[in-house]
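This report concerns only the one structure given below.
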Amino acid sequence: MEDLVKRSSVLRERVKGSTKKPINAAATWLKRQPPKAKVSLAVGAAVSTILFLWLVVDDHDNIFITAEAAHAIGISLLIYKLTQEKTCAGLSLKSQELTAMFLAARLYCSLVMEYDIHTLLDLATLATTLWVVYVIRFKLNSSYMDDEDTFALYHVVIPCLLLSVAIHPSTQHHVMNRILWAFCVYLEAVSVLPQLNLMQNTKIVEPFTAHYVFALGVSRFLSCAHWVVQVLDTQGRLLTALGYGLWPSMVLVSEIIQTFILVDFCYYYVKSLVGGHLVLRLPSGVV
């Protein structure tokens, strides 16, 4: 009986090792590629995935639902971390504040411009984000890594505000509402930067924070995919429905930025997960 258990254990190790070898080899090969090649591969993989979703998924609204589900999973992981582990170490308060800022702007725009199911989703997400901000700032402040959360918010808020004044929708709504709409689109695209900056400063990312950021990356990629698929479904008519000028293109660019800003992190997250490591260690220069 003991011999049988030992053989089974050896067999499992061999299978595990044989599975890791091609993955590790692919990761090593990818690591050796020049930056331009990595960018080309990332773009190719993203485009291929979007085309796959467009052709395989029957109801393309399910892509958006999946994106929202991934975001909800990420928020649930934050709630678990804060309520069960009683620590906010590794979480960026500034990133949560930016998230609350763009969600508040989007909720207002949704109420006055296009009230729908997204309004309720934004309300729920905003309420949760405000709770996270409250807990980090007042309840678990002793574990907050303020010395590592060094990203200056004006580095993104001011450029987004100026860009929204220059480029915004050309609908019939009041100009201030249109500028605010553009502001929340631009700010959402870069709201994760403080979190990535904090992780770059610490180099070590504990599991729940890593899971949260990865879920955020998946959510934003699927959101981008849904937007592109909608453009394909309408044969480009969606772009003209958004208005004229540079605004439709800027919406697409913002969606793409949201996705590719997390590519490096998601790559190292998957690599760490495949390697069986619970704690993610980021090399210099990532994110």
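Here, A, B, ... name the chains of the structure tokens in the order displayed, residue numbers run from 1 inside each chain, and ligands are numbered from 1 in the same displayed order.
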(Q) Run DSSP on the backbone and tell me which residues of segment 88-173 of chain A come out as alpha helix (DSSP H); list them as a ChimeraX atom specification. (A) /A:93-113,117-134,154-166
May I have a table of the residues of segment 62-126 of chain A lying at most 7 Å from segment 179-194 of chain A, giving each one's closest pair of atoms and their distance in Å to one decimal, counting only C-alpha atoms, ordered by chain and ascending residue number, as a Markdown table?
| residue | atom | partner | partner_atom | distance |
| --- | --- | --- | --- | --- |
| A:Ser92 | CA | A:Pro194 | CA | 6.3 |
| A:Lys94 | CA | A:Pro194 | CA | 6.1 |
| A:Ser95 | CA | A:Pro194 | CA | 5.1 |
| A:Leu98 | CA | A:Ser191 | CA | 5.4 |
| A:Thr99 | CA | A:Ser191 | CA | 5.9 |
| A:Phe102 | CA | A:Cys184 | CA | 4.6 |
| A:Ala105 | CA | A:Cys184 | CA | 5.8 |
| A:Arg106 | CA | A:Cys184 | CA | 5.9 |
| A:Cys109 | CA | A:Trp181 | CA | 6.1 |
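Relative to atom CA of Arg178 of chain A, atom CA of Leu252 of chain A is found at 16.8 Å.
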Show which residues sit within 12 Å of Asp147 of chain A, as a list in words. Count only C-alpha atoms, and ignore same-chain residues fewer than 2 positions away. Ala89, Gly90, Ser92, Leu93, Ser142, Ser143, Tyr144, Met145, Asp149, Thr150, Phe151, Asn197, Leu198, Asn201 and Thr202 of chain A
Would you output that residue set with all heavy atoms, as a CSV table (one decimal), in the first residue's frame?
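File written: result.csv
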chain,number,residue,atom,x,y,z
A,89,ALA,N,-2.8,46.5,4.1
A,89,ALA,CA,-1.4,46.5,3.6
A,89,ALA,C,-1.4,46.1,2.1
A,89,ALA,O,-2.0,45.1,1.7
A,89,ALA,CB,-0.5,45.6,4.4
A,90,GLY,N,-0.7,46.9,1.3
A,90,GLY,CA,-0.6,46.6,-0.2
A,90,GLY,C,-1.7,47.3,-1.0
A,90,GLY,O,-1.6,47.2,-2.2
A,92,SER,N,-3.8,50.6,-2.3
A,92,SER,CA,-3.5,52.1,-2.5
A,92,SER,C,-4.8,52.8,-2.3
A,92,SER,O,-5.8,52.7,-2.9
A,92,SER,CB,-3.1,52.3,-4.0
A,92,SER,OG,-3.1,53.7,-4.3
A,93,LEU,N,-4.8,53.7,-1.2
A,93,LEU,CA,-5.9,54.5,-0.9
A,93,LEU,C,-6.2,55.5,-2.1
A,93,LEU,O,-7.3,55.8,-2.4
A,93,LEU,CB,-5.7,55.3,0.4
A,93,LEU,CG,-6.7,56.4,0.8
A,93,LEU,CD1,-8.1,55.7,1.0
A,93,LEU,CD2,-6.2,57.1,2.0
A,142,SER,N,-3.7,52.1,10.5
A,142,SER,CA,-2.3,51.7,11.1
A,142,SER,C,-1.6,50.7,10.1
A,142,SER,O,-0.4,50.7,10.2
A,142,SER,CB,-2.5,51.0,12.4
A,142,SER,OG,-3.3,49.9,12.3
A,143,SER,N,-2.3,50.0,9.3
A,143,SER,CA,-1.7,49.1,8.3
A,143,SER,C,-1.6,49.7,6.9
A,143,SER,O,-1.0,49.0,6.0
A,143,SER,CB,-2.5,47.8,8.3
A,143,SER,OG,-3.8,48.0,7.8
A,144,TYR,N,-2.0,50.9,6.8
A,144,TYR,CA,-1.9,51.6,5.4
A,144,TYR,C,-0.5,52.0,5.2
A,144,TYR,O,0.1,52.6,6.0
A,144,TYR,CB,-2.9,52.8,5.4
A,144,TYR,CG,-2.7,53.6,4.2
A,144,TYR,CD1,-2.7,53.1,2.9
A,144,TYR,CD2,-2.6,55.0,4.3
A,144,TYR,CE1,-2.6,53.9,1.8
A,144,TYR,CE2,-2.4,55.8,3.2
A,144,TYR,CZ,-2.4,55.3,2.0
A,144,TYR,OH,-2.3,56.1,0.9
A,145,MET,N,0.0,51.6,4.0
A,145,MET,CA,1.4,51.9,3.6
A,145,MET,C,1.5,53.2,2.9
A,145,MET,O,1.7,53.3,1.7
A,145,MET,CB,1.9,50.7,2.7
A,145,MET,CG,1.7,49.4,3.3
A,145,MET,SD,2.0,48.0,2.2
A,145,MET,CE,3.7,48.2,1.9
A,149,ASP,N,2.6,54.6,-0.9
A,149,ASP,CA,1.5,55.1,-1.8
A,149,ASP,C,1.9,56.5,-2.2
A,149,ASP,O,1.2,57.5,-1.7
A,149,ASP,CB,0.2,55.0,-1.1
A,149,ASP,CG,-1.0,55.0,-2.0
A,149,ASP,OD1,-0.8,55.0,-3.2
A,149,ASP,OD2,-2.1,55.1,-1.5
A,150,THR,N,2.8,56.7,-3.0
A,150,THR,CA,3.4,58.0,-3.3
A,150,THR,C,3.0,58.7,-4.6
A,150,THR,O,3.4,59.8,-4.9
A,150,THR,CB,5.0,57.9,-3.3
A,150,THR,OG1,5.3,56.9,-4.3
A,150,THR,CG2,5.5,57.4,-2.0
A,151,PHE,N,2.1,58.0,-5.3
A,151,PHE,CA,1.6,58.6,-6.6
A,151,PHE,C,0.9,59.9,-6.3
A,151,PHE,O,-0.1,59.9,-5.6
A,151,PHE,CB,0.8,57.6,-7.3
A,151,PHE,CG,0.5,57.9,-8.7
A,151,PHE,CD1,1.3,57.4,-9.7
A,151,PHE,CD2,-0.5,58.7,-9.1
A,151,PHE,CE1,1.1,57.7,-11.1
A,151,PHE,CE2,-0.8,59.1,-10.4
A,151,PHE,CZ,0.1,58.6,-11.4
A,197,ASN,N,1.8,51.7,-8.9
A,197,ASN,CA,2.9,52.4,-8.4
A,197,ASN,C,3.3,51.9,-7.0
A,197,ASN,O,4.5,51.6,-6.7
A,197,ASN,CB,2.7,53.9,-8.3
A,197,ASN,CG,3.8,54.7,-7.8
A,197,ASN,OD1,4.9,54.8,-8.4
A,197,ASN,ND2,3.7,55.2,-6.6
A,198,LEU,N,2.3,51.6,-6.1
A,198,LEU,CA,2.6,51.1,-4.8
A,198,LEU,C,3.2,49.7,-4.9
A,198,LEU,O,4.1,49.4,-4.1
A,198,LEU,CB,1.2,51.1,-4.0
A,198,LEU,CG,1.3,50.7,-2.5
A,198,LEU,CD1,0.2,51.3,-1.7
A,198,LEU,CD2,1.3,49.2,-2.3
A,201,ASN,N,6.7,49.9,-5.8
A,201,ASN,CA,7.6,50.4,-4.7
A,201,ASN,C,7.9,49.2,-3.8
A,201,ASN,O,9.0,49.1,-3.2
A,201,ASN,CB,6.9,51.5,-4.0
A,201,ASN,CG,6.9,52.8,-4.8
A,201,ASN,OD1,7.6,52.9,-5.7
A,201,ASN,ND2,6.0,53.7,-4.5
A,202,THR,N,6.9,48.4,-3.5
A,202,THR,CA,7.1,47.3,-2.5
A,202,THR,C,7.7,46.1,-3.1
A,202,THR,O,8.3,45.3,-2.4
A,202,THR,CB,5.8,46.9,-1.8
A,202,THR,OG1,4.8,46.5,-2.9
A,202,THR,CG2,5.2,48.1,-1.1
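If you measure from each of A:Val47, A:Ile65, A:Val231, A:Met113 to Thr259 of chain A using only C-alpha atoms, the closest one turns out to be A:Val47.
If only C-alpha atoms are the atoms counted, then among A:Thr119, A:Ser164, A:Thr49, A:Thr125 the closest residue to Ser76 of chain A is A:Thr125.
Across the model, the gap from atom CA of Lys81 of chain A to atom CA of Tyr269 of chain A is 18.2 Å.
Atom to atom, atom CA of Thr171 of chain A and atom CA of Ala124 of chain A stand 27.0 Å apart.
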